[in-house]
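Engineer: Hey, dropping upload_26.txt in here, compact mmCIF, C-alpha atoms and all ligand atoms:
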# COMPACT_ATOMS: atom_id res chain seq x y z
CA MET D 1 0.00 0.00 0.00
CA SER D 2 1.50 3.33 -1.02
CA LEU D 3 1.79 6.16 1.39
CA LEU D 4 -0.34 9.21 0.71
CA THR D 5 1.51 12.49 0.64
CA ARG D 6 0.06 15.38 2.59
CA ARG D 7 -0.77 17.15 -0.73
CA LYS D 8 -2.66 14.08 -2.05
CA MET D 9 -4.50 13.65 1.22
CA LEU D 10 -5.68 17.25 1.30
CA LYS D 11 -6.58 17.11 -2.41
CA SER D 12 -8.66 13.98 -1.95
CA ALA D 13 -10.33 15.55 1.07
CA THR D 14 -11.19 18.85 -0.67
CA PRO D 15 -14.90 18.12 -1.23
CA LEU D 16 -15.19 17.24 2.44
CA ALA D 17 -13.21 20.30 3.44
CA ALA D 18 -15.77 22.50 1.78
CA THR D 19 -18.46 21.30 4.14
CA LEU D 20 -16.56 20.34 7.30
CA ALA D 21 -14.58 22.41 9.76
CA LEU D 22 -10.95 21.33 10.27
CA PRO D 23 -11.58 19.24 13.43
CA SER D 24 -14.39 17.37 11.64
CA LEU D 25 -12.16 16.83 8.64
CA ALA D 26 -9.40 15.52 10.90
CA ALA D 27 -11.86 13.16 12.56
CA ALA D 28 -13.02 11.94 9.15
CA ILE D 29 -9.41 11.27 8.09
CA GLN D 30 -8.80 9.39 11.35
CA ASP D 31 -11.92 7.30 10.74
CA VAL D 32 -11.26 6.26 7.15
CA SER D 33 -7.49 5.81 6.99
CA ALA D 34 -4.84 3.64 8.62
CA PRO D 35 -2.13 5.51 10.58
CA GLN D 36 0.54 4.76 7.98
CA GLN D 37 -1.64 6.35 5.28
CA ARG D 38 -1.96 9.68 7.03
CA PRO D 39 0.27 12.69 6.42
CA LYS D 40 2.84 13.40 9.13
CA LEU D 41 1.59 15.53 11.97
CA LYS D 42 3.22 18.84 12.78
CA ILE D 43 2.94 20.79 16.01
CA THR D 44 1.41 24.21 15.35
CA ASP D 45 0.97 25.68 18.82
CA VAL D 46 1.32 24.98 22.55
CA ARG D 47 -1.12 26.71 24.91
CA THR D 48 -1.77 26.77 28.65
CA ALA D 49 -4.51 27.32 31.22
CA GLN D 50 -3.82 27.66 34.96
CA VAL D 51 -6.21 26.50 37.68
CA ARG D 52 -6.11 26.25 41.44
CA VAL D 53 -7.85 23.25 43.04
CA HIS D 54 -5.59 21.18 45.31
CA GLY D 55 -2.66 23.51 44.70
CA LEU D 56 -1.90 24.99 41.31
CA GLN D 57 -2.09 23.04 38.08
CA THR D 58 -1.02 24.11 34.60
CA HIS D 59 -2.95 22.40 31.82
CA VAL D 60 -1.04 22.21 28.56
CA ARG D 61 -2.41 21.70 25.05
CA VAL D 62 -0.25 20.74 22.08
CA TYR D 63 -2.01 21.55 18.78
CA SER D 64 -1.31 19.96 15.40
CA ASP D 65 -1.86 20.90 11.77
CA GLN D 66 -4.62 18.29 11.41
CA GLY D 67 -7.12 19.60 13.91
CA LEU D 68 -6.08 17.23 16.71
CA TYR D 69 -4.69 18.42 20.01
CA GLY D 70 -3.41 16.65 23.09
CA GLN D 71 -3.84 17.81 26.67
CA GLY D 72 -1.59 17.29 29.68
CA GLU D 73 -1.43 18.54 33.23
CA SER D 74 1.38 19.49 35.60
CA THR D 75 1.19 20.11 39.33
CA ASP D 76 2.88 20.93 42.65
CA ALA D 77 5.94 22.70 41.24
CA ALA D 78 3.63 24.25 38.64
CA VAL D 79 3.93 27.90 39.68
CA GLY D 80 5.72 29.60 36.81
CA THR D 81 5.49 26.62 34.47
CA ALA D 82 3.21 28.44 31.98
CA ALA D 83 6.12 30.76 31.11
CA LEU D 84 8.45 27.77 30.67
CA VAL D 85 5.90 25.95 28.48
CA HIS D 86 5.67 29.03 26.23
CA GLN D 87 9.45 29.08 26.01
CA PHE D 88 9.53 25.37 25.02
CA ARG D 89 6.88 26.12 22.38
CA ARG D 90 9.50 27.79 20.13
CA PHE D 91 11.32 24.47 19.78
CA LEU D 92 8.19 22.33 19.51
CA VAL D 93 6.36 24.15 16.70
CA GLY D 94 7.03 22.35 13.41
CA GLN D 95 8.14 19.11 15.09
CA ASP D 96 6.46 15.69 14.69
CA PRO D 97 4.56 15.16 17.97
CA LEU D 98 4.77 11.38 17.67
CA ASN D 99 8.48 11.48 18.58
CA VAL D 100 7.52 11.91 22.23
CA ASP D 101 10.68 10.64 23.93
CA ALA D 102 13.03 12.40 21.51
CA LEU D 103 11.29 15.78 21.92
CA TRP D 104 11.33 15.31 25.70
CA GLU D 105 15.05 14.50 25.71
CA ARG D 106 15.93 17.48 23.48
CA LEU D 107 14.11 19.83 25.87
CA ARG D 108 15.65 18.19 28.94
CA VAL D 109 19.29 18.33 27.80
CA SER D 110 18.86 21.84 26.41
CA GLY D 111 18.01 22.98 29.93
CA ILE D 112 20.99 21.55 31.78
CA PHE D 113 22.05 25.08 32.77
CA ALA D 114 18.45 26.23 33.25
CA GLY D 115 17.33 23.94 36.06
CA ALA D 116 16.47 20.79 34.09
CA GLN D 117 17.43 18.57 37.05
CA GLY D 118 14.03 19.04 38.75
CA GLY D 119 11.50 21.58 40.00
CA GLN D 120 9.50 23.80 37.66
CA TYR D 121 11.54 22.92 34.58
CA ILE D 122 10.71 19.20 34.80
CA THR D 123 7.14 19.89 35.93
CA ALA D 124 6.57 22.03 32.82
CA LEU D 125 8.16 19.32 30.70
CA SER D 126 5.82 16.75 32.32
CA GLY D 127 2.72 18.69 31.21
CA ILE D 128 4.03 18.88 27.63
CA GLU D 129 5.02 15.21 27.54
CA ILE D 130 1.58 14.08 28.71
CA ALA D 131 -0.09 16.29 26.08
CA LEU D 132 2.18 14.73 23.41
CA TRP D 133 1.11 11.23 24.47
CA ASP D 134 -2.56 12.26 24.36
CA LEU D 135 -2.05 13.66 20.87
CA ALA D 136 -0.13 10.56 19.75
CA GLY D 137 -2.89 8.29 21.02
CA LYS D 138 -5.57 10.32 19.25
CA ALA D 139 -3.55 10.37 16.01
CA LEU D 140 -2.98 6.61 16.09
CA GLY D 141 -6.45 5.74 17.43
CA LEU D 142 -5.05 3.93 20.49
CA PRO D 143 -5.25 4.39 24.26
CA ILE D 144 -1.94 5.47 25.79
CA TYR D 145 -1.45 2.27 27.78
CA GLN D 146 -1.30 0.43 24.47
CA LEU D 147 1.51 2.72 23.30
CA LEU D 148 3.34 2.07 26.59
CA GLY D 149 3.47 -1.66 25.91
CA GLY D 150 0.00 -2.82 26.91
CA LYS D 151 -1.66 -3.38 30.25
CA PHE D 152 -1.09 -5.67 33.21
CA ARG D 153 -4.51 -4.83 34.67
CA ASP D 154 -7.83 -3.28 33.64
CA GLN D 155 -8.62 -1.58 36.93
CA ILE D 156 -6.41 0.79 38.89
CA ARG D 157 -6.87 0.72 42.67
CA ILE D 158 -7.27 4.19 44.13
CA TYR D 159 -6.75 5.31 47.73
CA CYS D 160 -8.47 8.32 49.21
CA ASP D 161 -6.43 11.08 50.84
CA SER D 162 -8.78 12.26 53.59
CA ASP D 163 -7.29 15.79 53.65
CA MET D 164 -8.20 16.33 57.33
CA ASP D 165 -6.52 18.81 59.69
CA ASP D 166 -7.51 16.66 62.69
CA PRO D 167 -8.57 13.03 62.07
CA THR D 168 -10.29 13.02 65.49
CA GLY D 169 -12.02 16.37 64.91
CA SER D 170 -15.52 17.38 63.84
CA GLU D 171 -15.16 16.48 60.13
CA SER D 172 -13.67 13.07 60.87
CA ASP D 173 -16.86 11.00 61.33
CA ARG D 174 -18.48 12.40 58.18
CA LYS D 175 -15.37 11.94 56.03
CA LEU D 176 -14.51 8.45 57.27
CA GLN D 177 -18.11 7.34 56.64
CA TRP D 178 -18.01 8.86 53.15
CA ILE D 179 -14.72 7.10 52.34
CA LYS D 180 -16.21 3.78 53.49
CA ASP D 181 -19.39 4.36 51.48
CA GLN D 182 -17.40 5.05 48.31
CA GLY D 183 -15.85 1.59 48.51
CA PHE D 184 -12.21 2.68 48.79
CA THR D 185 -9.89 -0.11 49.95
CA ALA D 186 -7.24 2.27 51.30
CA MET D 187 -6.97 5.80 52.68
CA LYS D 188 -4.43 8.25 54.09
CA ILE D 189 -4.16 10.76 56.93
CA ASP D 190 -1.51 13.38 57.71
CA LEU D 191 0.37 13.17 61.02
CA ASP D 192 2.34 16.45 60.97
CA ASP D 193 0.39 19.22 62.68
CA ALA D 194 1.78 22.76 62.68
CA ALA D 195 -0.92 23.74 65.19
CA ASP D 196 -0.08 21.02 67.75
CA PRO D 197 -0.17 22.93 71.07
CA HIS D 198 2.66 20.76 72.41
CA ARG D 199 5.18 22.04 69.85
CA PHE D 200 7.95 24.09 71.43
CA ASP D 201 9.34 25.68 68.27
CA ARG D 202 7.77 27.00 65.06
CA VAL D 203 10.74 25.99 62.94
CA ASN D 204 12.20 22.81 64.44
CA TRP D 205 9.85 19.83 64.00
CA THR D 206 11.66 17.41 66.35
CA ALA D 207 8.65 15.83 68.04
CA ASN D 208 8.33 15.47 71.80
CA ASN D 209 6.47 12.72 73.67
CA ALA D 210 3.17 14.63 73.68
CA GLU D 211 3.30 15.13 69.91
CA ILE D 212 4.09 11.47 69.30
CA ASP D 213 1.24 10.51 71.64
CA ARG D 214 -1.08 12.72 69.57
CA MET D 215 0.05 11.00 66.35
CA VAL D 216 -0.56 7.56 67.84
CA ARG D 217 -3.98 8.70 69.10
CA TRP D 218 -4.95 9.90 65.61
CA VAL D 219 -3.89 6.64 63.98
CA LYS D 220 -5.67 4.57 66.65
CA HIS D 221 -8.90 6.55 66.19
CA VAL D 222 -8.95 6.19 62.41
CA ARG D 223 -7.82 2.55 62.51
CA GLU D 224 -10.72 1.72 64.85
CA SER D 225 -13.21 3.74 62.75
CA ILE D 226 -12.62 2.04 59.41
CA PRO D 227 -13.10 -1.59 58.37
CA LYS D 228 -10.32 -3.98 59.33
CA GLU D 229 -9.64 -4.77 55.68
CA MET D 230 -9.25 -1.11 54.67
CA GLU D 231 -5.57 -0.14 54.50
CA LEU D 232 -4.27 3.02 56.19
CA ALA D 233 -1.28 5.12 55.15
CA CYS D 234 0.16 8.08 57.10
CA ASP D 235 2.09 11.09 55.79
CA MET D 236 4.71 13.12 57.71
CA HIS D 237 5.51 15.44 54.74
CA GLY D 238 9.27 15.21 55.20
CA ARG D 239 9.28 17.52 58.20
CA TYR D 240 10.99 15.43 60.90
CA ASP D 241 14.49 14.25 61.79
CA ALA D 242 15.59 10.62 61.82
CA GLY D 243 15.32 10.34 65.61
CA THR D 244 11.67 11.40 65.59
CA ALA D 245 10.89 9.33 62.51
CA LYS D 246 12.31 6.15 64.03
CA ARG D 247 10.28 6.61 67.22
CA VAL D 248 7.04 7.27 65.29
CA ALA D 249 7.59 4.33 62.92
CA LYS D 250 8.25 2.00 65.89
CA GLU D 251 5.23 3.15 67.90
CA LEU D 252 2.95 2.73 64.88
CA GLU D 253 4.04 -0.86 64.19
CA PRO D 254 1.01 -2.41 65.95
CA PHE D 255 -1.33 -0.62 63.48
CA ARG D 256 0.23 -2.41 60.47
CA LEU D 257 0.19 0.67 58.23
CA LEU D 258 0.13 0.46 54.47
CA TRP D 259 3.07 2.88 54.69
CA LEU D 260 4.59 5.81 56.58
CA GLU D 261 5.30 8.55 54.02
CA GLU D 262 8.28 10.92 53.94
CA PRO D 263 9.11 10.54 57.65
CA VAL D 264 12.30 12.56 56.96
CA PRO D 265 13.15 15.10 54.22
CA PRO D 266 13.24 13.33 50.84
CA GLU D 267 16.72 14.62 49.99
CA ASP D 268 18.19 12.90 53.08
CA ILE D 269 18.39 9.43 51.60
CA ASP D 270 20.75 8.04 54.28
CA ALA D 271 18.27 9.10 56.98
CA MET D 272 15.40 7.53 54.99
CA ALA D 273 17.36 4.26 54.82
CA GLU D 274 18.16 4.44 58.55
CA VAL D 275 14.44 4.81 59.36
CA ARG D 276 13.47 2.02 56.99
CA HIS D 277 15.95 -0.43 58.48
CA SER D 278 14.83 0.40 62.03
CA THR D 279 11.19 -0.66 61.73
CA SER D 280 8.67 -3.11 60.30
CA THR D 281 6.45 -0.13 59.28
CA PRO D 282 6.83 0.21 55.49
CA ILE D 283 8.47 3.51 54.46
CA ALA D 284 7.39 5.37 51.30
CA CYS D 285 8.86 8.37 49.50
CA GLY D 286 9.08 9.90 46.04
CA GLU D 287 6.60 12.71 45.36
CA ASN D 288 9.38 15.29 45.67
CA LEU D 289 11.93 13.48 43.52
CA TYR D 290 12.38 14.11 39.81
CA LEU D 291 13.41 11.97 36.86
CA ARG D 292 15.14 8.56 36.97
CA TRP D 293 18.22 10.19 38.43
CA GLY D 294 16.23 11.40 41.42
CA TYR D 295 15.39 7.79 42.30
CA ARG D 296 18.72 6.15 41.58
CA GLU D 297 20.35 6.63 44.98
CA LEU D 298 17.08 5.98 46.85
CA LEU D 299 16.74 2.59 45.14
CA ASN D 300 20.45 1.71 45.20
CA LYS D 301 20.52 2.23 48.98
CA ASN D 302 17.31 0.25 49.55
CA ALA D 303 16.06 3.32 51.42
CA VAL D 304 12.31 2.73 50.97
CA ASP D 305 9.74 -0.05 50.75
CA ILE D 306 7.50 1.82 48.27
CA ILE D 307 8.16 4.63 45.77
CA GLN D 308 5.67 7.41 44.97
CA PRO D 309 6.49 9.18 41.70
CA ASP D 310 4.10 11.97 40.74
CA ILE D 311 3.53 11.53 37.01
CA GLN D 312 2.58 15.21 36.62
CA LYS D 313 5.97 16.37 37.93
CA VAL D 314 8.46 13.49 37.69
CA GLY D 315 8.87 14.03 33.93
CA GLY D 316 5.65 12.61 32.49
CA LEU D 317 4.18 9.25 31.54
CA SER D 318 7.21 7.69 29.89
CA GLU D 319 9.56 8.90 32.64
CA GLY D 320 7.16 7.65 35.33
CA ARG D 321 7.15 4.26 33.67
CA LYS D 322 10.96 4.24 33.49
CA VAL D 323 11.18 5.10 37.21
CA ALA D 324 8.78 2.22 37.92
CA ASN D 325 10.96 -0.10 35.84
CA LEU D 326 14.04 0.97 37.82
CA ALA D 327 12.17 0.09 41.02
CA GLN D 328 11.13 -3.26 39.55
CA ILE D 329 14.81 -4.27 39.48
CA SER D 330 14.56 -4.37 43.31
CA TYR D 331 10.89 -5.46 43.30
CA VAL D 332 9.87 -2.19 44.94
CA PRO D 333 6.16 -1.42 44.44
CA VAL D 334 4.88 1.89 43.03
CA ALA D 335 2.12 3.99 44.60
CA PRO D 336 1.92 7.21 42.53
CA HIS D 337 1.40 10.51 44.31
CA CYS D 338 -1.55 12.06 42.46
CA VAL D 339 -3.36 15.30 43.36
CA VAL D 340 -4.72 16.30 39.96
CA SER D 341 -7.93 16.45 37.91
CA PRO D 342 -9.58 13.43 36.24
CA ILE D 343 -7.36 14.17 33.20
CA GLY D 344 -4.27 13.73 35.35
CA VAL D 345 -5.66 10.72 37.22
CA MET D 346 -6.63 8.93 34.00
CA SER D 347 -3.24 9.69 32.41
CA THR D 348 -1.57 8.31 35.56
CA ALA D 349 -3.85 5.26 35.30
CA HIS D 350 -2.38 4.45 31.86
CA VAL D 351 1.08 4.25 33.46
CA CYS D 352 -0.25 2.20 36.40
CA ALA D 353 -1.80 -0.23 33.92
CA SER D 354 1.48 -0.63 32.03
CA ILE D 355 3.81 -1.57 34.92
CA PRO D 356 4.02 -4.86 36.82
CA ASN D 357 4.81 -3.31 40.23
CA PHE D 358 1.78 -1.03 40.68
CA LEU D 359 0.38 -0.96 44.23
CA VAL D 360 -2.24 1.79 44.59
CA CYS D 361 -2.72 5.35 43.25
CA GLU D 362 -3.68 8.48 45.21
CA TRP D 363 -6.86 10.58 44.83
CA HIS D 364 -6.89 13.96 46.54
CA TRP D 365 -9.99 15.93 45.51
CA ILE D 366 -12.18 14.91 48.47
CA ASN D 367 -12.76 18.61 49.27
CA PHE D 368 -13.80 19.41 45.68
CA PRO D 369 -16.50 16.82 44.87
CA ASP D 370 -18.49 18.99 42.43
CA LEU D 371 -15.46 19.98 40.38
CA TRP D 372 -14.22 16.40 40.41
CA LYS D 373 -17.44 14.85 39.09
CA SER D 374 -17.92 17.32 36.25
CA TRP D 375 -14.33 18.27 35.28
CA VAL D 376 -14.41 15.93 32.27
CA LYS D 377 -17.24 15.14 29.86
CA GLU D 378 -17.07 11.47 30.87
CA GLY D 379 -18.20 12.34 34.44
CA GLU D 380 -17.12 10.33 37.50
CA ILE D 381 -14.15 8.06 36.66
CA ILE D 382 -13.75 6.37 40.08
CA GLN D 383 -16.19 3.53 40.71
CA LYS D 384 -16.03 1.66 44.04
CA GLY D 385 -12.45 2.77 44.61
CA TYR D 386 -11.13 1.85 41.15
CA VAL D 387 -10.50 3.62 37.85
CA THR D 388 -11.15 1.46 34.80
CA VAL D 389 -8.53 2.28 32.20
CA THR D 390 -10.33 3.59 29.16
CA ASP D 391 -9.92 2.20 25.65
CA LYS D 392 -10.60 5.57 24.02
CA PRO D 393 -7.68 7.06 22.04
CA GLY D 394 -5.14 9.09 23.99
CA ILE D 395 -5.83 9.73 27.67
CA GLY D 396 -9.49 9.08 26.93
CA VAL D 397 -11.18 11.88 28.88
CA GLU D 398 -11.87 15.44 27.70
CA MET D 399 -12.05 18.61 29.77
CA ASN D 400 -15.45 20.15 30.39
CA GLU D 401 -14.26 23.73 29.97
CA ASP D 402 -17.26 25.51 31.47
CA ILE D 403 -16.64 23.64 34.72
CA ALA D 404 -12.84 23.80 34.70
CA ARG D 405 -12.90 27.58 34.18
CA ARG D 406 -14.51 27.94 37.59
CA ALA D 407 -11.05 27.13 38.99
CA GLN D 408 -9.13 29.40 36.60
CA ILE D 409 -6.54 31.59 38.33
CA PRO D 410 -7.56 35.25 37.90
CA THR D 411 -5.49 37.30 35.41
CA THR D 412 -4.24 34.14 33.65
CA THR D 413 -5.11 33.25 30.04
CA TRP D 414 -7.18 30.24 28.97
CA PHE D 415 -5.55 28.25 26.14
CA GLU D 416 -4.93 31.57 24.35
CA PRO D 417 -3.51 31.12 20.81
CA ASN D 418 0.09 32.30 20.44
CA LYS D 419 1.14 34.68 17.72
CA GLY D 420 4.15 34.06 15.54
MG MG I 1 2.90 13.13 50.70
What does the file become when written as structure tokens?
Structural biologist:
Amino acid sequence: MSLLTRRKMLKSATPLAATLALPSLAAAIQDVSAPQQRPKLKITDVRTAQVRVHGLQTHVRVYSDQGLYGQGESTDAAVGTAALVHQFRRFLVGQDPLNVDALWERLRVSGIFAGAQGGQYITALSGIEIALWDLAGKALGLPIYQLLGGKFRDQIRIYCDSDMDDPTGSESDRKLQWIKDQGFTAMKIDLDDAADPHRFDRVNWTANNAEIDRMVRWVKHVRESIPKEMELACDMHGRYDAGTAKRVAKELEPFRLLWLEEPVPPEDIDAMAEVRHSTSTPIACGENLYLRWGYRELLNKNAVDIIQPDIQKVGGLSEGRKVANLAQISYVPVAPHCVVSPIGVMSTAHVCASIPNFLVCEWHWINFPDLWKSWVKEGEIIQKGYVTVTDKPGIGVEMNEDIARRAQIPTTTWFEPNKG
């Protein structure tokens, strides 16, 4: 079968073009032709929209010359990423968006002196990379998991971050009941409390006996309030020293936690290893590490039981999968940190489907139920604590813009076309 040139394709489509807008024409071409028959795609623009839900997210769209666009999302270190995305746009326009890994690598190495080791640079790159995968999937008519090598599972287990200031306080009963009713099989609470009246110092987080007693009391209350089979994880947000972390991990051993998260700062890998080797409580870490290189020492030193890459900041879908593969060498399970919209959760689900060592994925929009349910046209994507990986092309969910704009950050633009 001969390949159609772009000129021939457009010529043959001219009668259609007279009656259809470009997106309809693109859809018609997708419907009636095999991928190898289609003209090569070219990136024509890269646009952003910034929202604030659980933190700030930058949504990125990569547009092509055939009416298709892909959408990605970046988070956490997303402040300032819109400016970086617009800077990357100069390189991306005119490129073939199907060369996802090569475009990503060109942008990464070109930023070696501009912060491309982590932070905002890699978070911006993550949003672009995810949009490229969405576009590639739409262009080829395949879900992203298929492009990542296929799936190990159809359903992705989700745990609910309860987002409570005080798990024994007034909101606790209502939230714990809601989490049970939704059918989640795992949940998480935070143990660090800046407002703990027993703290002696605003800066130093070394915990005293009273603070550790409060942590144990919180865990005991939640553990006794949820079904025995529901798993419980606890987060310390990297605020404590190794001495405190070891004491907390030891005292929580009877509760058989799913994990204790970032008990010490994530950059102190020796301390993380020291904590891990001191306790039977599983230790997890990773949401504040970037790229494969960010995980290398952590894994080489056997410093954690579970890793938690955030796909929307670690470098994107392909990089998240590579990090998971690195962890698989040591049979370390992966529980992605995930605080994003249904677009971000479904894109993360494609990675979770494509790796053998997936454990459970986070969901963090418990305080934004209305936005969550209507953010994408497909509606609620979590059923009984699981996301079913979609077979639609690309990520497989589309933003409901009227709803998403409710969270738009004032004074920012909304997927505004770029000039020149
Ligand atoms: Mg955390």
Engineer: Please list, as JSON, numbers by chain, the residues that have an atom at most 10 Å away from (0.8, 21.8, 10.9) in the coordinates of this file, counting only C-alpha atoms.
Structural biologist: {"D": [40, 41, 42, 43, 44, 45, 63, 64, 65, 66, 67, 93, 94, 95, 96]}
Engineer: Give me, as a VMD selection string, all polymer residues having an atom no more than 12 Å from Lys301 of chain D, counting all atoms listed in the file and skipping those fewer than 2 positions away in the same chain.
Structural biologist: chain D and resid 268 to 274 276 to 277 295 to 299 303 to 305 327 330
Engineer: Name the residues, by chain letter and number, that sit within 10 Å of ligand MG 1 (chain I) using only C-alpha atoms and all ligand atoms, and give them as a ChimeraX atom specification.
Structural biologist: /D:161,188-190,234-238,260-263,284-288,308,337-339,362
Engineer: What does the file look like for those residues with C-alpha atoms, as a PDB file, keeping the file's coordinate frame?
Structural biologist:
ATOM      1  CA  ASP D 161      -6.430  11.080  50.840  1.00  0.00           C
ATOM      2  CA  LYS D 188      -4.430   8.250  54.090  1.00  0.00           C
ATOM      3  CA  ILE D 189      -4.160  10.760  56.930  1.00  0.00           C
ATOM      4  CA  ASP D 190      -1.510  13.380  57.710  1.00  0.00           C
ATOM      5  CA  CYS D 234       0.160   8.080  57.100  1.00  0.00           C
ATOM      6  CA  ASP D 235       2.090  11.090  55.790  1.00  0.00           C
ATOM      7  CA  MET D 236       4.710  13.120  57.710  1.00  0.00           C
ATOM      8  CA  HIS D 237       5.510  15.440  54.740  1.00  0.00           C
ATOM      9  CA  GLY D 238       9.270  15.210  55.200  1.00  0.00           C
ATOM     10  CA  LEU D 260       4.590   5.810  56.580  1.00  0.00           C
ATOM     11  CA  GLU D 261       5.300   8.550  54.020  1.00  0.00           C
ATOM     12  CA  GLU D 262       8.280  10.920  53.940  1.00  0.00           C
ATOM     13  CA  PRO D 263       9.110  10.540  57.650  1.00  0.00           C
ATOM     14  CA  ALA D 284       7.390   5.370  51.300  1.00  0.00           C
ATOM     15  CA  CYS D 285       8.860   8.370  49.500  1.00  0.00           C
ATOM     16  CA  GLY D 286       9.080   9.900  46.040  1.00  0.00           C
ATOM     17  CA  GLU D 287       6.600  12.710  45.360  1.00  0.00           C
ATOM     18  CA  ASN D 288       9.380  15.290  45.670  1.00  0.00           C
ATOM     19  CA  GLN D 308       5.670   7.410  44.970  1.00  0.00           C
ATOM     20  CA  HIS D 337       1.400  10.510  44.310  1.00  0.00           C
ATOM     21  CA  CYS D 338      -1.550  12.060  42.460  1.00  0.00           C
ATOM     22  CA  VAL D 339      -3.360  15.300  43.360  1.00  0.00           C
ATOM     23  CA  GLU D 362      -3.680   8.480  45.210  1.00  0.00           C
TER      24      GLU D 362
END
Engineer: Quick check, in Å to one decimal: how far apart do atom CA of Arg217 of chain D and atom CA of Asn367 of chain D lie?
Structural biologist: 23.8 Å
Engineer: What is the atom CA of Ser318 of chain D to atom CA of Lys377 of chain D distance in Å?
Structural biologist: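 Computing the Euclidean distance for atom CA of Ser318 of chain D and atom CA of Lys377 of chain D yields 25.6 Å.
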Engineer: Hey, can you pull every residue with an atom no more than 7 Å from (-5.3, 0.0, 54.9), using only C-alpha atoms, and send it as a list in words?
Structural biologist: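 Here the neighbourhood of the point contains Thr185, Ala186, Met187, Glu229, Met230, Glu231, Leu232, Ala233, Leu257 and Leu258 of chain D.
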Engineer: Would you write out, as CSV, a table of all residues in segment 46-85 of chain D that have an atom no more than 12 Å from an atom of segment 111-118 of chain D, listing for each the closest atom pair and the distance in Å to one decimal, considering all atoms listed in the file and ordering rows by chain and rising residue number?
Structural biologist:
residue,atom,partner,partner_atom,distance
D:Asp76,CA,D:Gly118,CA,12.0
D:Ala77,CA,D:Gly118,CA,9.2
D:Ala78,CA,D:Gly118,CA,11.6
D:Leu84,CA,D:Ala114,CA,10.4
Engineer: Could you state the separation of atom CA of Lys151 of chain D and atom CA of Trp133 of chain D in Å, given to one decimal place?
Structural biologist: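 Spanning atom CA of Lys151 of chain D to atom CA of Trp133 of chain D is a straight-line distance of 16.0 Å.
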Engineer: For each of D:Ile381, D:Leu371, D:Val340, D:Ile144, take the minimum atom-to-atom distance to Leu132 of chain D, counting all atoms listed in the file, then give the residue where this is smallest.
Structural biologist: D:Ile144
Engineer: Which is closest to Gly379 of chain D among D:Arg174, D:Ile355, D:Pro342, D:Val360, if we use only C-alpha atoms?
Structural biologist: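 Smallest distance to Gly379 of chain D is found for D:Pro342.
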Engineer: Let me make sure I understand: among D:Arg89, D:Arg153, D:Arg247, D:Lys419, which one has the smallest atom-to-atom distance to Asn209 of chain D if we use only C-alpha atoms?
Structural biologist: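 Selected residue with least distance to Asn209 of chain D: D:Arg247.
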Engineer: Counting only C-alpha atoms, what is within 10 Å of Arg199 of chain D, bar same-chain residues fewer than 5 positions away, as a PyMOL selection string?
Structural biologist: chain D and resi 193-194+204-208+210-211
Engineer: So that I can check the surroundings of His221 of chain D, please list as a list in words every protein, DNA and RNA residue that reaches within 12 Å of it, counting only C-alpha atoms and ignoring chain neighbours fewer than 6 positions away.
Structural biologist: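 Those residues are Asp166, Pro167, Thr168, Gly169, Ser172, Asp173, Leu176, Ile189, Arg214, Met215, Leu232 and Phe255 of chain D.
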